[in-house]
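Colleague: My questions will all concern the structure given below.
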Amino acid sequence: MKKLNKKGFSLVELIVVVAIMAVLVGVLAPSLLRYVEKTRVQKDASAVSEVVEAARLSMADETVNKKTATGSKITIASDGSITCDTTDNALSAEVKKAVPSVSFSSASRAAVTITVTKDANGAVTFGVTTTSTGVDWKTAVEAVK
C-alpha cells in the first residue's frame, strides 16, 4: 500500500486563518478610518489656514487695512468658493488673488467663516467659525501654524 502525500492545508486550518484575519480587520479598520478622516481634516485646516494667512498679509497692507472694517467676514463655502462681505472688496480681492479657491476633502464640507477684528491700536485678529459639527476648526487651524 502506498502512503498518501498530504500537501496543503486542511479546511479547519483555513477557517482558523480566515477567522483570525476577520478579527484583525475588525480591530484595525476603525483606527484606519479615524486616521484617514483626521488627515483629511488636517488638509482642510491647512487650506483654511492658507486663507487666514492671505488675509493676514493683506491686512498688513495699510490701504487694505484702512478700507476693511472690523467685523468683516471672509466666508469659505462648502464648495470652496471664497467671498468677503466688505463693501470695498479690497480684502476680498487680495485674498482671492492669493488663494482663488479652497478644496475641502473631509466629509464635513461645512462653510467656514473667518472674522476680522481690529482693536483701537490697529492690531488685527482673526476668528474661525464653522457650521460643521465634530470638527474643531479653530484648534485645527492653529495646529497647522
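Within each chain, counting starts at residue 1; across the C-alpha cells, chains are named A, B, ... in the order shown, with ligands numbered 1 upward in that order.
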Identify, on the basis of only C-alpha atoms, every residue whose closest approach to region 66-70 of chain A does not exceed 8 Å; exclude the query and any residue fewer than 2 positions from it along the same chain; express the result as a JSON list (two decimals) with N, CA, C and O atoms, in the first residue's frame.

Modeller:
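Saved file out_5.json follows:
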```json
[["chain", "number", "residue", "atom", "x", "y", "z"],
["A", 62, "GLU", "N", -1.39, 98.77, 4.37],
["A", 62, "GLU", "CA", -2.11, 99.85, 5.02],
["A", 62, "GLU", "C", -3.38, 100.25, 4.27],
["A", 62, "GLU", "O", -4.41, 100.56, 4.88],
["A", 63, "THR", "N", -3.34, 100.24, 2.95],
["A", 63, "THR", "CA", -4.51, 100.61, 2.16],
["A", 63, "THR", "C", -5.67, 99.65, 2.41],
["A", 63, "THR", "O", -6.80, 100.06, 2.62],
["A", 64, "VAL", "N", -5.38, 98.36, 2.38],
["A", 64, "VAL", "CA", -6.41, 97.35, 2.62],
["A", 64, "VAL", "C", -6.90, 97.44, 4.06],
["A", 64, "VAL", "O", -8.11, 97.38, 4.32],
["A", 72, "SER", "N", -15.47, 92.42, 9.57],
["A", 72, "SER", "CA", -15.58, 91.90, 8.19],
["A", 72, "SER", "C", -15.42, 90.40, 8.21],
["A", 72, "SER", "O", -14.65, 89.86, 9.00],
["A", 86, "THR", "N", -16.93, 92.71, 2.78],
["A", 86, "THR", "CA", -16.56, 94.13, 2.84],
["A", 86, "THR", "C", -17.15, 94.86, 1.65],
["A", 86, "THR", "O", -17.28, 94.32, 0.56],
["A", 88, "ASP", "N", -15.92, 97.52, 0.05],
["A", 88, "ASP", "CA", -14.95, 97.93, -0.96],
["A", 88, "ASP", "C", -14.27, 96.75, -1.64],
["A", 88, "ASP", "O", -13.62, 96.92, -2.67],
["A", 90, "ALA", "N", -11.63, 95.27, -1.07],
["A", 90, "ALA", "CA", -10.16, 95.29, -1.12],
["A", 90, "ALA", "C", -9.58, 94.02, -0.51],
["A", 90, "ALA", "O", -8.71, 93.38, -1.09],
["A", 91, "LEU", "N", -10.09, 93.65, 0.67],
["A", 91, "LEU", "CA", -9.62, 92.43, 1.33],
["A", 91, "LEU", "C", -9.97, 91.21, 0.50],
["A", 91, "LEU", "O", -9.15, 90.32, 0.30],
["A", 116, "VAL", "N", -12.63, 89.17, 10.82],
["A", 116, "VAL", "CA", -11.51, 90.08, 11.02],
["A", 116, "VAL", "C", -11.91, 91.07, 12.12],
["A", 116, "VAL", "O", -12.96, 91.70, 12.04],
["A", 117, "THR", "N", -11.07, 91.18, 13.15],
["A", 117, "THR", "CA", -11.34, 92.12, 14.25],
["A", 117, "THR", "C", -10.13, 93.02, 14.43],
["A", 117, "THR", "O", -9.01, 92.54, 14.49],
["A", 118, "LYS", "N", -10.41, 94.34, 14.46],
["A", 118, "LYS", "CA", -9.33, 95.32, 14.70],
["A", 118, "LYS", "C", -9.61, 96.01, 16.02],
["A", 118, "LYS", "O", -10.73, 96.42, 16.29]]
```

Colleague: Counting only C-alpha atoms, what is within 10 Å of Pro100 (chain A), bar same-chain residues fewer than 3 positions away, as a ChimeraX atom specification?

Modeller: /A:51,80-82,93-97

Colleague: Which one of A:Val16, A:Leu28, A:Ala111, A:Ile74 sits closest to Ala54 (chain A) if you count only C-alpha atoms?

Modeller: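 That would be A:Ile74, the residue with the smallest distance to Ala54 (chain A).
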
Colleague: From the set A:Ala45, A:Val99, A:Ala60, A:Val36, which residue has the shortest atom-to-atom contact distance to Thr130 (chain A), counting only C-alpha atoms?

Modeller: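 Distance minimum relative to Thr130 (chain A) lands on A:Ala45.
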
Colleague: Please, which residues of chain A, numbered as in this document, come out alpha helix (DSSP H) from DSSP, as a PyMOL selection string?

Modeller: chain A and resi 11-60+62-67+90-98+137-144

Colleague: Got a sec to tell me which of region 1-102 of chain A DSSP assigns to strand (DSSP E), as a list of chain:residue names?

Modeller: A:Lys73, A:Ile74, A:Thr75, A:Ile76, A:Ile82, A:Thr83, A:Cys84

Colleague: Store the residues of this selection in a file with all heavy atoms, as a PDB file, in the first residue's frame.

Modeller:
```pdb
ATOM      1  N   LYS A  73     -16.134  89.749   7.326  1.00  0.00           N
ATOM      2  CA  LYS A  73     -16.110  88.287   7.307  1.00  0.00           C
ATOM      3  C   LYS A  73     -15.670  87.776   5.938  1.00  0.00           C
ATOM      4  O   LYS A  73     -16.108  88.258   4.917  1.00  0.00           O
ATOM      5  CB  LYS A  73     -17.487  87.729   7.643  1.00  0.00           C
ATOM      6  CG  LYS A  73     -17.927  88.011   9.066  1.00  0.00           C
ATOM      7  CD  LYS A  73     -19.265  87.384   9.332  1.00  0.00           C
ATOM      8  CE  LYS A  73     -19.826  87.594  10.703  1.00  0.00           C
ATOM      9  NZ  LYS A  73     -19.155  88.332  11.657  1.00  0.00           N
ATOM     10  N   ILE A  74     -14.790  86.782   5.991  1.00  0.00           N
ATOM     11  CA  ILE A  74     -14.385  86.046   4.794  1.00  0.00           C
ATOM     12  C   ILE A  74     -15.050  84.690   4.929  1.00  0.00           C
ATOM     13  O   ILE A  74     -14.848  83.997   5.925  1.00  0.00           O
ATOM     14  CB  ILE A  74     -12.857  85.885   4.709  1.00  0.00           C
ATOM     15  CG1 ILE A  74     -12.172  87.252   4.721  1.00  0.00           C
ATOM     16  CG2 ILE A  74     -12.472  85.074   3.474  1.00  0.00           C
ATOM     17  CD1 ILE A  74     -10.680  87.171   4.963  1.00  0.00           C
ATOM     18  N   THR A  75     -15.835  84.307   3.949  1.00  0.00           N
ATOM     19  CA  THR A  75     -16.551  83.036   4.028  1.00  0.00           C
ATOM     20  C   THR A  75     -16.018  82.078   2.976  1.00  0.00           C
ATOM     21  O   THR A  75     -15.887  82.438   1.806  1.00  0.00           O
ATOM     22  CB  THR A  75     -18.065  83.247   3.814  1.00  0.00           C
ATOM     23  OG1 THR A  75     -18.525  84.173   4.791  1.00  0.00           O
ATOM     24  CG2 THR A  75     -18.829  81.948   3.965  1.00  0.00           C
ATOM     25  N   ILE A  76     -15.721  80.875   3.416  1.00  0.00           N
ATOM     26  CA  ILE A  76     -15.332  79.800   2.502  1.00  0.00           C
ATOM     27  C   ILE A  76     -16.521  78.858   2.453  1.00  0.00           C
ATOM     28  O   ILE A  76     -16.835  78.196   3.435  1.00  0.00           O
ATOM     29  CB  ILE A  76     -14.077  79.057   2.991  1.00  0.00           C
ATOM     30  CG1 ILE A  76     -12.936  80.041   3.258  1.00  0.00           C
ATOM     31  CG2 ILE A  76     -13.657  78.002   1.968  1.00  0.00           C
ATOM     32  CD1 ILE A  76     -11.759  79.429   3.984  1.00  0.00           C
ATOM     33  N   ILE A  82     -14.648  81.452  -2.210  1.00  0.00           N
ATOM     34  CA  ILE A  82     -14.318  82.409  -1.161  1.00  0.00           C
ATOM     35  C   ILE A  82     -15.045  83.718  -1.440  1.00  0.00           C
ATOM     36  O   ILE A  82     -14.978  84.246  -2.550  1.00  0.00           O
ATOM     37  CB  ILE A  82     -12.799  82.657  -1.098  1.00  0.00           C
ATOM     38  CG1 ILE A  82     -12.067  81.347  -0.792  1.00  0.00           C
ATOM     39  CG2 ILE A  82     -12.454  83.714  -0.058  1.00  0.00           C
ATOM     40  CD1 ILE A  82     -10.563  81.441  -0.914  1.00  0.00           C
ATOM     41  N   THR A  83     -15.737  84.233  -0.418  1.00  0.00           N
ATOM     42  CA  THR A  83     -16.398  85.534  -0.539  1.00  0.00           C
ATOM     43  C   THR A  83     -16.042  86.367   0.685  1.00  0.00           C
ATOM     44  O   THR A  83     -15.678  85.844   1.725  1.00  0.00           O
ATOM     45  CB  THR A  83     -17.933  85.402  -0.624  1.00  0.00           C
ATOM     46  OG1 THR A  83     -18.396  84.699   0.526  1.00  0.00           O
ATOM     47  CG2 THR A  83     -18.358  84.669  -1.880  1.00  0.00           C
ATOM     48  N   CYS A  84     -16.155  87.683   0.516  1.00  0.00           N
ATOM     49  CA  CYS A  84     -15.854  88.597   1.607  1.00  0.00           C
ATOM     50  C   CYS A  84     -16.965  89.635   1.653  1.00  0.00           C
ATOM     51  O   CYS A  84     -17.426  90.095   0.604  1.00  0.00           O
ATOM     52  CB  CYS A  84     -14.510  89.264   1.352  1.00  0.00           C
ATOM     53  SG  CYS A  84     -13.892  90.205   2.748  1.00  0.00           S
TER      54      CYS A  84
END
```

Colleague: A:Val112, A:Val124, A:Val52, A:Lys7: which is nearest Ser92 (chain A), counting only C-alpha atoms?

Modeller: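 With only C-alpha atoms as the atom set, the closest residue is A:Val52.
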
Colleague: How many Å lie between CA of Ala47 (chain A) and CA of Ser101 (chain A), rounded to one decimal?

Modeller: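 Straight-line distance from CA of Ala47 (chain A) to CA of Ser101 (chain A) works out to 9.2 Å.
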
Colleague: Closest to Val128 (chain A) among A:Asp85, A:Ile20, A:Val48, A:Arg34, using only C-alpha atoms?

Modeller: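 Of all the options, A:Val48 lies closest to Val128 (chain A).
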
Colleague: Nearest to Arg40 (chain A) among A:Leu11, A:Phe104, A:Thr113, A:Thr125, with distances taken over only C-alpha atoms: which residue is it?

Modeller: A:Phe104

Colleague: Using Å and a single decimal, report how far CA of Met59 (chain A) sits from CA of Gln42 (chain A).

Modeller: 25.1 Å

Colleague: Mind pulling up the distance from CA of Tyr35 (chain A) to CA of Ile114 (chain A)?

Modeller: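 These atoms are spaced 26.6 Å apart.
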